[in-house]
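Here is query-v1.txt, consisting of compact mmCIF, C-alpha atoms and all ligand atoms:
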```txt
# COMPACT_ATOMS: atom_id res chain seq x y z
CA MET M 2 0.00 0.00 0.00
CA ARG M 3 1.32 3.45 -0.84
CA GLY M 4 1.32 5.87 2.01
CA ASP M 5 -1.20 5.29 4.75
CA VAL M 6 -4.27 6.85 3.17
CA ARG M 7 -6.73 4.25 1.96
CA LYS M 8 -9.23 4.74 -0.81
CA ILE M 9 -12.53 3.09 -0.05
CA ILE M 10 -15.68 3.09 -2.16
CA HIS M 11 -19.16 2.30 -0.92
CA VAL M 12 -21.72 1.32 -3.53
CA ASP M 13 -25.39 1.29 -2.59
CA MET M 14 -28.13 0.56 -5.11
CA ASP M 15 -31.07 2.97 -5.02
CA ALA M 16 -34.38 1.51 -3.80
CA PHE M 17 -33.01 -1.80 -4.97
CA PHE M 18 -35.95 -4.23 -4.83
CA ALA M 19 -38.40 -1.63 -6.15
CA SER M 20 -35.99 -0.68 -8.92
CA VAL M 21 -35.59 -4.31 -9.99
CA GLU M 22 -39.38 -4.63 -10.17
CA GLU M 23 -39.53 -1.52 -12.35
CA LEU M 24 -36.74 -2.90 -14.50
CA ASP M 25 -38.64 -6.12 -15.10
CA ASN M 26 -41.96 -4.42 -15.74
CA PRO M 27 -41.73 -1.19 -17.75
CA ALA M 28 -45.43 -0.54 -17.14
CA ILE M 29 -44.71 0.40 -13.52
CA ARG M 30 -41.56 2.46 -14.12
CA GLY M 31 -41.51 5.75 -12.29
CA LYS M 32 -44.56 4.78 -10.25
CA ALA M 33 -44.90 4.46 -6.48
CA VAL M 34 -43.68 0.87 -6.34
CA ILE M 35 -43.62 -0.66 -2.87
CA VAL M 36 -42.08 -4.09 -2.39
CA CYS M 37 -43.29 -5.95 0.67
CA GLY M 38 -42.21 -8.98 2.65
CA GLY M 39 -45.84 -10.10 2.53
CA LEU M 40 -48.94 -8.35 1.33
CA THR M 41 -51.33 -9.41 4.02
CA GLY M 42 -51.54 -9.30 7.79
CA ARG M 43 -48.26 -8.35 9.36
CA GLY M 44 -46.32 -7.74 6.15
CA VAL M 45 -43.62 -5.10 6.21
CA VAL M 46 -42.29 -2.84 3.46
CA SER M 47 -38.89 -4.02 2.29
CA SER M 48 -38.23 -1.40 -0.39
CA ALA M 49 -40.04 1.72 -1.55
CA ALA M 50 -39.39 3.53 -4.81
CA TYR M 51 -38.52 7.20 -4.40
CA GLU M 52 -41.90 8.05 -5.91
CA ALA M 53 -43.50 6.23 -2.95
CA ARG M 54 -41.15 7.78 -0.41
CA LYS M 55 -42.54 11.18 -1.34
CA PHE M 56 -45.72 10.08 0.40
CA GLY M 57 -43.90 8.74 3.43
CA ALA M 58 -43.76 5.05 2.58
CA LYS M 59 -40.45 3.53 3.62
CA SER M 60 -38.64 0.33 4.51
CA ALA M 61 -39.57 -1.53 7.69
CA MET M 62 -43.00 0.15 7.79
CA PRO M 63 -46.04 -2.12 8.21
CA VAL M 64 -47.78 -2.61 4.88
CA PHE M 65 -51.15 -1.39 6.18
CA ARG M 66 -49.55 1.89 7.16
CA ALA M 67 -47.86 2.29 3.77
CA ARG M 68 -51.25 1.66 2.13
CA LYS M 69 -52.76 4.50 4.14
CA LEU M 70 -49.98 6.93 3.27
CA CYS M 71 -49.73 5.87 -0.33
CA PRO M 72 -53.07 4.41 -1.45
CA HIS M 73 -52.14 4.69 -5.13
CA GLY M 74 -48.93 2.70 -4.55
CA ILE M 75 -48.20 -0.45 -6.49
CA PHE M 76 -47.75 -3.07 -3.79
CA LEU M 77 -45.76 -6.11 -4.82
CA GLU M 78 -44.55 -9.18 -3.04
CA GLY M 79 -40.74 -9.42 -3.01
CA ARG M 80 -38.94 -11.91 -5.29
CA MET M 81 -35.73 -12.60 -3.43
CA GLU M 82 -34.35 -15.04 -6.00
CA ARG M 83 -34.54 -12.40 -8.69
CA TYR M 84 -32.88 -9.80 -6.45
CA ILE M 85 -30.05 -12.20 -5.68
CA GLU M 86 -29.61 -12.81 -9.40
CA VAL M 87 -29.30 -9.05 -10.03
CA SER M 88 -27.09 -8.71 -6.97
CA LEU M 89 -24.63 -11.24 -8.35
CA GLN M 90 -24.52 -9.25 -11.57
CA LEU M 91 -23.65 -6.18 -9.48
CA MET M 92 -20.92 -8.00 -7.55
CA ARG M 93 -19.41 -9.25 -10.81
CA ILE M 94 -19.17 -5.69 -12.10
CA LEU M 95 -17.55 -4.58 -8.84
CA LYS M 96 -15.04 -7.41 -8.95
CA ASP M 97 -13.94 -6.21 -12.37
CA PHE M 98 -12.44 -3.19 -10.62
CA THR M 99 -10.75 -4.97 -7.73
CA PRO M 100 -10.92 -8.35 -6.02
CA LEU M 101 -11.18 -6.44 -2.73
CA VAL M 102 -14.98 -6.33 -2.62
CA GLU M 103 -16.92 -6.78 0.61
CA PRO M 104 -20.63 -7.35 0.03
CA VAL M 105 -22.60 -5.88 2.93
CA SER M 106 -26.01 -6.92 1.70
CA VAL M 107 -27.61 -7.80 -1.64
CA ASP M 108 -27.39 -4.23 -2.85
CA GLU M 109 -24.43 -2.80 -1.02
CA ALA M 110 -20.68 -3.32 -1.01
CA PHE M 111 -17.38 -1.80 0.01
CA LEU M 112 -14.37 -1.79 -2.30
CA ASP M 113 -10.79 -1.09 -1.31
CA VAL M 114 -9.32 0.61 -4.38
CA THR M 115 -6.17 1.93 -2.70
CA GLU M 116 -3.96 -0.14 -4.95
CA VAL M 117 -5.88 -0.07 -8.22
CA ALA M 118 -6.54 3.65 -8.01
CA SER M 119 -2.83 4.39 -7.49
CA ALA M 120 -1.42 2.25 -10.27
CA ARG M 121 -0.46 3.92 -13.51
CA PRO M 122 -2.02 2.54 -16.68
CA LYS M 123 1.33 1.31 -17.97
CA ASP M 124 1.67 -0.82 -14.85
CA GLY M 125 -1.44 -2.63 -15.95
CA GLY M 126 -3.38 -0.74 -13.34
CA PHE M 127 -6.56 1.16 -13.66
CA PRO M 128 -6.60 3.40 -16.74
CA THR M 129 -7.63 6.97 -16.03
CA SER M 130 -9.36 9.21 -18.50
CA GLY M 131 -6.49 11.64 -19.04
CA GLY M 132 -3.77 9.01 -19.15
CA LEU M 133 -1.98 10.84 -16.34
CA PRO M 134 -1.00 9.15 -13.12
CA PRO M 135 -3.87 10.00 -10.80
CA LYS M 136 -2.93 11.90 -7.69
CA ASP M 137 -4.68 11.69 -4.37
CA PHE M 138 -8.29 10.84 -4.90
CA ALA M 139 -8.50 11.35 -8.64
CA GLY M 140 -7.98 7.67 -9.34
CA ALA M 141 -10.51 6.56 -6.76
CA GLU M 142 -13.04 9.12 -7.99
CA GLU M 143 -12.60 7.86 -11.51
CA VAL M 144 -13.19 4.28 -10.37
CA GLY M 145 -16.32 5.41 -8.52
CA ARG M 146 -17.69 7.14 -11.59
CA GLN M 147 -16.94 4.18 -13.80
CA ILE M 148 -18.74 1.87 -11.38
CA LYS M 149 -21.82 4.07 -11.59
CA ARG M 150 -21.60 4.18 -15.37
CA ARG M 151 -21.28 0.43 -15.75
CA ILE M 152 -24.17 -0.25 -13.39
CA LYS M 153 -26.30 2.13 -15.44
CA GLU M 154 -25.21 0.76 -18.80
CA GLU M 155 -25.15 -2.93 -18.03
CA MET M 156 -27.93 -3.22 -15.46
CA ASP M 157 -30.09 -0.21 -16.30
CA LEU M 158 -30.20 0.60 -12.58
CA THR M 159 -28.79 3.44 -10.54
CA ALA M 160 -26.45 3.28 -7.57
CA SER M 161 -25.20 5.87 -5.15
CA VAL M 162 -21.46 5.84 -4.69
CA GLY M 163 -19.33 7.29 -1.93
CA VAL M 164 -15.55 7.63 -1.99
CA ALA M 165 -13.50 8.28 1.14
CA THR M 166 -10.53 7.17 3.21
CA ASN M 167 -12.42 4.56 5.22
CA LYS M 168 -15.59 2.48 5.27
CA PHE M 169 -17.57 4.68 7.63
CA LEU M 170 -16.95 7.86 5.65
CA ALA M 171 -17.55 6.10 2.32
CA LYS M 172 -20.93 4.93 3.59
CA VAL M 173 -21.81 8.38 4.83
CA ALA M 174 -20.79 9.74 1.41
CA SER M 175 -22.93 7.31 -0.57
CA GLY M 176 -25.94 8.19 1.59
CA MET M 177 -25.68 11.94 1.20
CA LYS M 178 -26.92 12.46 -2.33
CA LYS M 179 -29.26 9.55 -2.91
CA PRO M 180 -30.59 8.55 -5.37
CA ASP M 181 -28.07 8.35 -8.20
CA GLY M 182 -25.62 10.15 -5.95
CA PHE M 183 -21.89 10.55 -6.12
CA MET M 184 -19.86 12.07 -3.34
CA VAL M 185 -16.28 12.21 -2.22
CA ILE M 186 -15.24 12.96 1.36
CA THR M 187 -11.55 13.75 1.74
CA GLU M 188 -9.60 13.78 4.99
CA GLU M 189 -9.62 17.58 4.92
CA GLU M 190 -13.38 17.77 4.52
CA LYS M 191 -14.47 15.02 6.84
CA GLU M 192 -15.09 17.02 10.02
CA ARG M 193 -17.07 19.66 8.19
CA VAL M 194 -19.26 16.98 6.58
CA LEU M 195 -19.82 15.02 9.79
CA LYS M 196 -20.41 17.96 12.11
CA ASP M 197 -24.15 18.46 11.61
CA LEU M 198 -25.18 14.93 10.74
CA PRO M 199 -27.48 13.18 13.23
CA VAL M 200 -25.67 10.74 15.54
CA SER M 201 -27.81 7.96 14.10
CA GLU M 202 -25.54 8.13 11.03
CA ILE M 203 -22.85 6.44 13.11
CA LEU M 204 -22.68 2.73 12.49
CA GLY M 205 -24.23 0.91 15.43
CA VAL M 206 -26.22 3.81 16.82
CA GLY M 207 -29.73 2.43 16.96
CA ARG M 208 -32.78 3.85 18.62
CA VAL M 209 -31.73 3.00 22.17
CA MET M 210 -28.27 4.50 21.80
CA GLU M 211 -29.72 7.52 20.02
CA LYS M 212 -32.02 8.15 22.95
CA ALA M 213 -29.20 7.76 25.48
CA LEU M 214 -27.14 10.30 23.56
CA GLN M 215 -30.07 12.69 23.28
CA GLU M 216 -30.39 12.57 27.05
CA MET M 217 -26.81 13.85 27.15
CA GLY M 218 -27.87 16.66 24.83
CA ILE M 219 -26.12 15.08 21.90
CA HIS M 220 -28.04 15.09 18.63
CA THR M 221 -25.37 15.69 16.02
CA ILE M 222 -22.03 14.04 15.45
CA GLY M 223 -20.23 17.32 16.14
CA GLN M 224 -21.79 17.46 19.59
CA LEU M 225 -19.86 14.30 20.45
CA TRP M 226 -16.51 15.96 19.93
CA PRO M 227 -16.24 17.73 23.31
CA VAL M 228 -16.95 14.48 25.17
CA SER M 229 -13.77 12.71 26.22
CA LEU M 230 -12.89 9.18 25.24
CA ALA M 231 -12.82 8.19 28.91
CA GLU M 232 -16.34 9.48 29.49
CA LEU M 233 -17.73 7.75 26.43
CA VAL M 234 -16.11 4.47 27.42
CA GLU M 235 -17.40 4.84 30.95
CA ARG M 236 -20.93 5.37 29.70
CA PHE M 237 -21.07 3.01 26.74
CA GLY M 238 -18.28 0.49 27.28
CA LYS M 239 -16.42 -0.67 24.22
CA PHE M 240 -18.87 1.07 21.91
CA GLY M 241 -17.94 4.37 23.54
CA SER M 242 -14.56 4.18 21.89
CA SER M 243 -16.23 3.52 18.51
CA LEU M 244 -18.35 6.62 19.07
CA TYR M 245 -15.27 8.65 19.87
CA TYR M 246 -13.34 7.63 16.77
CA LEU M 247 -16.17 7.33 14.26
CA SER M 248 -17.47 10.78 15.21
CA ARG M 249 -14.06 12.07 14.11
CA GLY M 250 -14.21 10.13 10.88
CA ILE M 251 -11.60 7.61 12.03
CA ASP M 252 -12.28 4.01 11.09
CA ASP M 253 -9.59 1.39 10.62
CA THR M 254 -11.82 -1.58 9.85
CA PRO M 255 -10.57 -3.35 6.76
CA VAL M 256 -12.58 -4.31 3.70
CA VAL M 257 -13.15 -8.01 4.27
CA THR M 258 -13.17 -9.64 0.90
CA GLU M 259 -14.81 -12.96 1.45
CA TRP M 260 -17.44 -14.18 3.72
CA GLU M 261 -16.25 -17.75 3.96
CA PRO M 262 -18.68 -20.41 4.92
CA LYS M 263 -17.28 -23.47 6.65
CA SER M 264 -19.31 -25.77 4.48
CA VAL M 265 -21.98 -25.94 1.85
CA GLY M 266 -24.46 -28.73 1.91
CA ARG M 267 -27.88 -29.94 1.01
CA SER M 268 -30.03 -32.82 2.03
CA SER M 269 -33.48 -33.98 1.16
CA THR M 270 -36.04 -36.26 2.70
CA PHE M 271 -37.86 -38.73 0.47
CA GLU M 272 -41.61 -38.60 0.40
CA ARG M 273 -41.58 -42.22 1.50
CA ASP M 274 -38.69 -44.39 2.70
CA ILE M 275 -36.66 -45.81 -0.19
CA LYS M 276 -34.76 -49.06 -0.60
CA ASP M 277 -33.92 -48.73 -4.28
CA LEU M 278 -30.25 -47.78 -4.65
CA ARG M 279 -30.87 -46.22 -8.06
CA VAL M 280 -33.38 -43.78 -6.61
CA ILE M 281 -31.08 -42.94 -3.69
CA ARG M 282 -28.14 -42.42 -6.04
CA ARG M 283 -30.19 -40.23 -8.34
CA GLN M 284 -31.23 -38.04 -5.43
CA LEU M 285 -27.68 -37.81 -4.10
CA TYR M 286 -26.47 -36.87 -7.59
CA ASP M 287 -28.99 -34.04 -7.87
CA LEU M 288 -27.98 -32.70 -4.46
CA THR M 289 -24.30 -32.95 -5.39
CA GLU M 290 -25.00 -30.96 -8.53
CA ASP M 291 -26.62 -28.24 -6.42
CA VAL M 292 -23.83 -27.95 -3.87
CA VAL M 293 -21.12 -27.94 -6.54
CA ARG M 294 -22.90 -25.11 -8.31
CA GLN M 295 -23.12 -23.24 -5.03
CA LEU M 296 -19.43 -23.88 -4.37
CA LYS M 297 -18.49 -22.46 -7.76
CA GLU M 298 -20.62 -19.39 -7.29
CA MET M 299 -18.65 -18.61 -4.17
CA ASP M 300 -15.35 -19.17 -6.00
CA LEU M 301 -14.46 -21.94 -3.60
CA ARG M 302 -13.14 -25.47 -3.82
CA ALA M 303 -13.62 -28.29 -1.38
CA LYS M 304 -11.23 -30.81 0.10
CA THR M 305 -13.70 -32.80 2.15
CA ILE M 306 -16.81 -34.49 0.81
CA THR M 307 -19.31 -35.87 3.26
CA ILE M 308 -22.49 -37.77 2.63
CA LYS M 309 -25.25 -38.36 5.09
CA VAL M 310 -27.80 -41.14 5.15
CA ARG M 311 -30.71 -41.36 7.54
CA TYR M 312 -32.46 -44.69 7.75
CA SER M 313 -36.16 -45.17 8.29
CA ASN M 314 -35.55 -45.68 12.03
CA PHE M 315 -33.87 -42.25 12.14
CA GLN M 316 -30.43 -43.69 12.68
CA THR M 317 -28.14 -41.31 10.83
CA ILE M 318 -24.68 -41.96 9.53
CA THR M 319 -22.14 -39.76 7.78
CA ARG M 320 -19.20 -40.84 5.64
CA SER M 321 -16.39 -38.52 4.58
CA ILE M 322 -13.37 -38.43 2.39
CA THR M 323 -10.67 -35.76 2.25
CA ILE M 324 -8.91 -35.45 -1.07
CA GLY M 325 -5.45 -34.09 -1.86
CA THR M 326 -6.44 -31.52 -4.46
CA PRO M 327 -9.39 -29.23 -3.67
CA ALA M 328 -12.15 -29.86 -6.18
CA ASP M 329 -14.96 -27.86 -7.71
CA LEU M 330 -15.78 -30.17 -10.61
CA LEU M 331 -19.03 -32.05 -10.47
CA SER M 332 -17.40 -35.16 -11.94
CA THR M 333 -14.75 -35.26 -9.21
CA VAL M 334 -17.08 -34.53 -6.32
CA TRP M 335 -19.67 -36.99 -7.55
CA HIS M 336 -17.03 -39.68 -8.07
CA HIS M 337 -16.17 -39.53 -4.37
CA ALA M 338 -19.73 -39.09 -3.11
CA ASP M 339 -20.84 -42.08 -5.15
CA ILE M 340 -18.04 -44.29 -3.82
CA LEU M 341 -18.91 -43.26 -0.27
CA LEU M 342 -22.54 -44.19 -0.85
CA ARG M 343 -21.91 -47.51 -2.51
CA GLU M 344 -18.97 -48.72 -0.49
CA LYS M 345 -19.22 -47.14 2.93
CA VAL M 346 -22.94 -47.20 3.58
CA GLU M 347 -24.87 -50.29 4.44
CA LEU M 348 -27.94 -50.15 2.23
CA LYS M 349 -29.01 -53.74 1.80
CA GLU M 350 -32.57 -54.16 2.94
CA ARG M 351 -32.51 -50.89 4.84
CA ALA M 352 -34.96 -48.22 3.87
CA VAL M 353 -33.55 -44.74 3.60
CA ARG M 354 -35.42 -41.67 4.71
CA LEU M 355 -32.98 -38.90 3.84
CA VAL M 356 -29.76 -38.35 1.93
CA GLY M 357 -27.47 -35.39 1.96
CA VAL M 358 -24.10 -34.19 0.79
CA SER M 359 -21.88 -31.46 2.12
CA LEU M 360 -18.55 -30.00 1.12
CA SER M 361 -16.15 -28.61 3.69
CA ASN M 362 -12.49 -27.72 4.13
CA LEU M 363 -13.11 -24.97 1.60
CA VAL M 364 -10.38 -23.00 -0.13
CA GLN M 365 -10.40 -20.08 -2.53
CA ALA M 366 -10.42 -20.92 -6.24
CA PRO M 367 -7.59 -19.31 -8.25
CA ALA M 368 -8.55 -15.88 -9.61
CA VAL M 369 -8.09 -16.67 -13.31
CA GLU M 370 -10.61 -19.43 -13.15
CA GLN M 371 -13.05 -17.20 -11.31
CA LEU M 372 -13.13 -14.90 -14.32
CA HIS M 373 -13.69 -17.86 -16.54
CA LEU M 374 -16.61 -18.94 -14.40
CA PHE M 375 -18.16 -15.49 -14.59
CA GLU M 376 -17.98 -15.58 -18.35
CA GLU M 377 -19.94 -18.75 -18.38
CA GLY M 378 -22.69 -16.91 -16.54
CA ALA M 379 -23.37 -19.79 -14.20
CA GLY M 380 -27.00 -20.11 -13.17
CA LEU M 381 -27.17 -18.30 -9.88
CA GLU M 382 -30.63 -18.87 -8.57
CA GLU M 383 -29.39 -21.45 -6.11
CA ALA M 384 -27.59 -18.89 -4.03
CA SER M 385 -30.37 -18.85 -1.47
CA THR M 386 -30.62 -22.57 -0.96
CA GLU M 387 -27.75 -23.12 1.41
CA ASP M 388 -28.93 -25.37 4.16
CA SER M 389 -25.81 -26.91 5.52
CA LYS M 390 -27.36 -26.91 8.97
CA ARG M 391 -30.10 -29.29 7.96
MG MG Q 1 -29.69 0.42 -1.22
```

Structure rendered as structure tokens:
Amino acid sequence: MRGDVRKIIHVDMDAFFASVEELDNPAIRGKAVIVCGGLTGRGVVSSAAYEARKFGAKSAMPVFRARKLCPHGIFLEGRMERYIEVSLQLMRILKDFTPLVEPVSVDEAFLDVTEVASARPKDGGFPTSGGLPPKDFAGAEEVGRQIKRRIKEEMDLTASVGVATNKFLAKVASGMKKPDGFMVITEEEKERVLKDLPVSEILGVGRVMEKALQEMGIHTIGQLWPVSLAELVERFGKFGSSLYYLSRGIDDTPVVTEWEPKSVGRSSTFERDIKDLRVIRRQLYDLTEDVVRQLKEMDLRAKTITIKVRYSNFQTITRSITIGTPADLLSTVWHHADILLREKVELKERAVRLVGVSLSNLVQAPAVEQLHLFEEGAGLEEASTEDSKR
């Protein structure tokens, strides 16, 4: 890393679920689209288009209340699989700029572009518009603008982008000019920008904390500055120190590139207990196909393959093999799973109630092959089916 100033970008899609619905159905574009977790009873709004926000509808609001505020709204039930599909498209675009991408949620991510935004084009780094070596934030700004442009061009959606020296400030920046916003907060500007923002802008300040601070007469971030670190720690424990530093725009938390699951797995219960090996094998094959796809989507490879068999009397056994070279090929994984089933499981005359397969001991797939995988446009709708706990 050059110098000690990082360059962090926060990307946040605008009214993501509602925007995806508008994307998929041009007839409702620009209307007061309100996506809900459920349309009846205790349903809650999960995303409101800006046209609906004008009338006060917003996320986390009960649907009945949103209907009162915005009776002309177009209320839709959320389609999580579709949003995940679009989300993966977003993450692929982001990973084109740097491998240092930390997804925060389906529509939000941090990027650490310190390195890519410093490199000169001739070094194979990020090309800048003028062909000049970018100084200070110019490179990072350019990356931020290109991210916005590509999201618009390739996804026909808008994102708000913030550029700053750390994650907290980048997130504040992306939130300041929504929707379709772009904002840079430099080290020199940070105190001026933070000063009058409500304390609830600080990561981790929820309603309870906000109230406690208000009782101290603290409503804005700037009002925290006169309070000493010792006093904040005394009042709020460990979080007091976060308050102290974040209020000053200081945040050392790194961009964490991969959320790494310990295993991926799937199992399924037969409608009735099965003795026929062919049926059991077929089911295990289908499950293996699913988990391998999931493994590839996460750019991971597995060293340990485990199968699970539950007999009709609920006795459950697992059989594992650990292989020398981490695998992400269906043929390899299935080869081992099949051997485990046929050679290590006693099936004769015993009815089987459930089979499952899981992959563990996961390692990162090499980067070159990740790109290759992306080009293939692997079907991604399985991303939500992880059920390794089952
Ligand atoms: Mg968003």

May I have the residues within 7 Å of segment 266-282 of chain M as a PDB file with C-alpha atoms, in the coordinates of the input, using all atoms listed in the file and disregarding those fewer than 2 positions away in the same chain?
```
ATOM      1  CA  SER M 264     -19.310 -25.770   4.480  1.00  0.00           C
ATOM      2  CA  GLN M 284     -31.230 -38.040  -5.430  1.00  0.00           C
ATOM      3  CA  LEU M 285     -27.680 -37.810  -4.100  1.00  0.00           C
ATOM      4  CA  TYR M 286     -26.470 -36.870  -7.590  1.00  0.00           C
ATOM      5  CA  LEU M 288     -27.980 -32.700  -4.460  1.00  0.00           C
ATOM      6  CA  VAL M 292     -23.830 -27.950  -3.870  1.00  0.00           C
ATOM      7  CA  SER M 313     -36.160 -45.170   8.290  1.00  0.00           C
ATOM      8  CA  GLU M 350     -32.570 -54.160   2.940  1.00  0.00           C
ATOM      9  CA  ARG M 351     -32.510 -50.890   4.840  1.00  0.00           C
ATOM     10  CA  ALA M 352     -34.960 -48.220   3.870  1.00  0.00           C
ATOM     11  CA  VAL M 353     -33.550 -44.740   3.600  1.00  0.00           C
ATOM     12  CA  ARG M 354     -35.420 -41.670   4.710  1.00  0.00           C
ATOM     13  CA  LEU M 355     -32.980 -38.900   3.840  1.00  0.00           C
ATOM     14  CA  VAL M 356     -29.760 -38.350   1.930  1.00  0.00           C
ATOM     15  CA  GLY M 357     -27.470 -35.390   1.960  1.00  0.00           C
ATOM     16  CA  VAL M 358     -24.100 -34.190   0.790  1.00  0.00           C
ATOM     17  CA  SER M 359     -21.880 -31.460   2.120  1.00  0.00           C
ATOM     18  CA  LEU M 360     -18.550 -30.000   1.120  1.00  0.00           C
ATOM     19  CA  GLU M 387     -27.750 -23.120   1.410  1.00  0.00           C
ATOM     20  CA  ASP M 388     -28.930 -25.370   4.160  1.00  0.00           C
ATOM     21  CA  SER M 389     -25.810 -26.910   5.520  1.00  0.00           C
ATOM     22  CA  ARG M 391     -30.100 -29.290   7.960  1.00  0.00           C
TER      23      ARG M 391
END
```

(Q) Residues contacting ligand MG 1 (chain Q) - anything with an atom at most 7 Å away, using all atoms listed in the file - can you give me those as a count of residues only? (A) 7

Kindly assemble as a Markdown table a list of the segment 70-124 of chain M residues that lie within 12 Å of segment 155-170 of chain M, each paired with its nearest atom pair and their distance in Å to one decimal, using all atoms listed in the file, sorted first by chain and then by ascending residue number.
```
| residue | atom | partner | partner_atom | distance |
| --- | --- | --- | --- | --- |
| M:Glu86 | CA | M:Met156 | CA | 11.5 |
| M:Val87 | CA | M:Met156 | CA | 8.1 |
| M:Ser88 | CA | M:Met156 | CA | 10.1 |
| M:Leu89 | CA | M:Met156 | CA | 11.2 |
| M:Gln90 | CA | M:Met156 | CA | 7.9 |
| M:Leu91 | CA | M:Met156 | CA | 7.9 |
| M:Met92 | CA | M:Met156 | CA | 11.6 |
| M:Arg93 | CA | M:Glu155 | CA | 11.2 |
| M:Ile94 | CA | M:Glu155 | CA | 8.9 |
| M:Leu95 | CA | M:Val162 | CA | 11.9 |
| M:Val102 | CA | M:Lys168 | CA | 11.8 |
| M:Glu103 | CA | M:Lys168 | CA | 10.5 |
| M:Val105 | CA | M:Lys168 | CA | 11.2 |
| M:Asp108 | CA | M:Ala160 | CA | 8.9 |
| M:Glu109 | CA | M:Ala160 | CA | 9.2 |
| M:Ala110 | CA | M:Val162 | CA | 9.9 |
| M:Phe111 | CA | M:Lys168 | CA | 7.0 |
| M:Leu112 | CA | M:Lys168 | CA | 8.8 |
| M:Asp113 | CA | M:Asn167 | CA | 8.8 |
| M:Val114 | CA | M:Val164 | CA | 9.7 |
| M:Thr115 | CA | M:Thr166 | CA | 9.0 |
| M:Ala118 | CA | M:Val164 | CA | 11.5 |
```

Dump as a short mmCIF file (atom, residue, chain, number, x, y, z; two decimals), in the frame of the given file, selection limited to C-alpha atoms:
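Output saved as result_12.cif:
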```cif
data_model
loop_
_atom_site.label_atom_id
_atom_site.label_comp_id
_atom_site.auth_asym_id
_atom_site.auth_seq_id
_atom_site.Cartn_x
_atom_site.Cartn_y
_atom_site.Cartn_z
CA GLU M 86 -29.61 -12.81 -9.40
CA VAL M 87 -29.30 -9.05 -10.03
CA SER M 88 -27.09 -8.71 -6.97
CA LEU M 89 -24.63 -11.24 -8.35
CA GLN M 90 -24.52 -9.25 -11.57
CA LEU M 91 -23.65 -6.18 -9.48
CA MET M 92 -20.92 -8.00 -7.55
CA ARG M 93 -19.41 -9.25 -10.81
CA ILE M 94 -19.17 -5.69 -12.10
CA LEU M 95 -17.55 -4.58 -8.84
CA VAL M 102 -14.98 -6.33 -2.62
CA GLU M 103 -16.92 -6.78 0.61
CA VAL M 105 -22.60 -5.88 2.93
CA ASP M 108 -27.39 -4.23 -2.85
CA GLU M 109 -24.43 -2.80 -1.02
CA ALA M 110 -20.68 -3.32 -1.01
CA PHE M 111 -17.38 -1.80 0.01
CA LEU M 112 -14.37 -1.79 -2.30
CA ASP M 113 -10.79 -1.09 -1.31
CA VAL M 114 -9.32 0.61 -4.38
CA THR M 115 -6.17 1.93 -2.70
CA ALA M 118 -6.54 3.65 -8.01
#
```

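For the set M:Phe237, M:Gln295, M:Ile35, M:Leu301, the residue with the smallest atom-to-atom gap to Met210 of chain M is M:Phe237, counting only C-alpha atoms.
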
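For the choices M:Leu70, M:Val6, M:Leu342, M:Leu330, the atom-to-atom distance to Ser119 of chain M is smallest for M:Val6 when using only C-alpha atoms.
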
As lines of an AutoDock Vina configuration file: centre and edge lengths in Å, one decimal, of the axis-aligned box holding segment 147-156 of chain M with 6 Å per side:
```
center_x = -22.4
center_y = 0.5
center_z = -15.1
size_x = 23.0
size_y = 19.4
size_z = 19.4
```

**Q.** Best match for closeness to Glu22 of chain M among M:Ala231, M:Val200, M:Leu247, M:Met81, counting only C-alpha atoms
**A.** M:Met81

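As for atom CA of Arg249 of chain M and atom CA of Glu188 of chain M, they are spaced 10.3 Å apart.
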
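The space separating atom CA of Pro27 of chain M from atom CA of Gly39 of chain M comes to 22.5 Å.
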
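Rounded to one decimal, atom CA of Val234 of chain M and atom CA of Val173 of chain M lie 23.6 Å from each other.
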
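Counting all atoms listed in the file and comparing M:Glu82, M:Thr99, M:Ile10, M:His220, the residue that lies closest to Ser201 of chain M is M:His220.
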
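Of the residues listed (M:Val209, M:Ser248, M:Val12, M:Gly238), M:Val12 shows the shortest atom-to-atom separation from Gln147 of chain M; distances use only C-alpha atoms.
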
Using all atoms listed in the file, which residues sit within 12 Å of Phe65 of chain M once same-chain residues fewer than 5 positions away are excluded, as a compact mmCIF listing (two decimals) with C-alpha atoms, in the frame of the given file?
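File produced: out.txt:
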```txt
# COMPACT_ATOMS: atom_id res chain seq x y z
CA ILE M 35 -43.62 -0.66 -2.87
CA CYS M 37 -43.29 -5.95 0.67
CA GLY M 39 -45.84 -10.10 2.53
CA LEU M 40 -48.94 -8.35 1.33
CA THR M 41 -51.33 -9.41 4.02
CA GLY M 42 -51.54 -9.30 7.79
CA ARG M 43 -48.26 -8.35 9.36
CA GLY M 44 -46.32 -7.74 6.15
CA VAL M 45 -43.62 -5.10 6.21
CA VAL M 46 -42.29 -2.84 3.46
CA ALA M 58 -43.76 5.05 2.58
CA LEU M 70 -49.98 6.93 3.27
CA CYS M 71 -49.73 5.87 -0.33
CA PRO M 72 -53.07 4.41 -1.45
CA GLY M 74 -48.93 2.70 -4.55
CA PHE M 76 -47.75 -3.07 -3.79
```

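Proximity ranking of M:Ser332, M:Ser321, M:Thr221, M:Ser361 relative to Glu344 of chain M places M:Ser321 first, based on all atoms listed in the file.
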
Q | Selection: 12 Å around Val334 of chain M, all atoms listed in the file, excl. self and same-chain fewer than 3 positions, as an MDAnalysis selection string | A | chainID M and resid 285:286 288:294 296 302:308 321:324 326:331 337:341 358:361
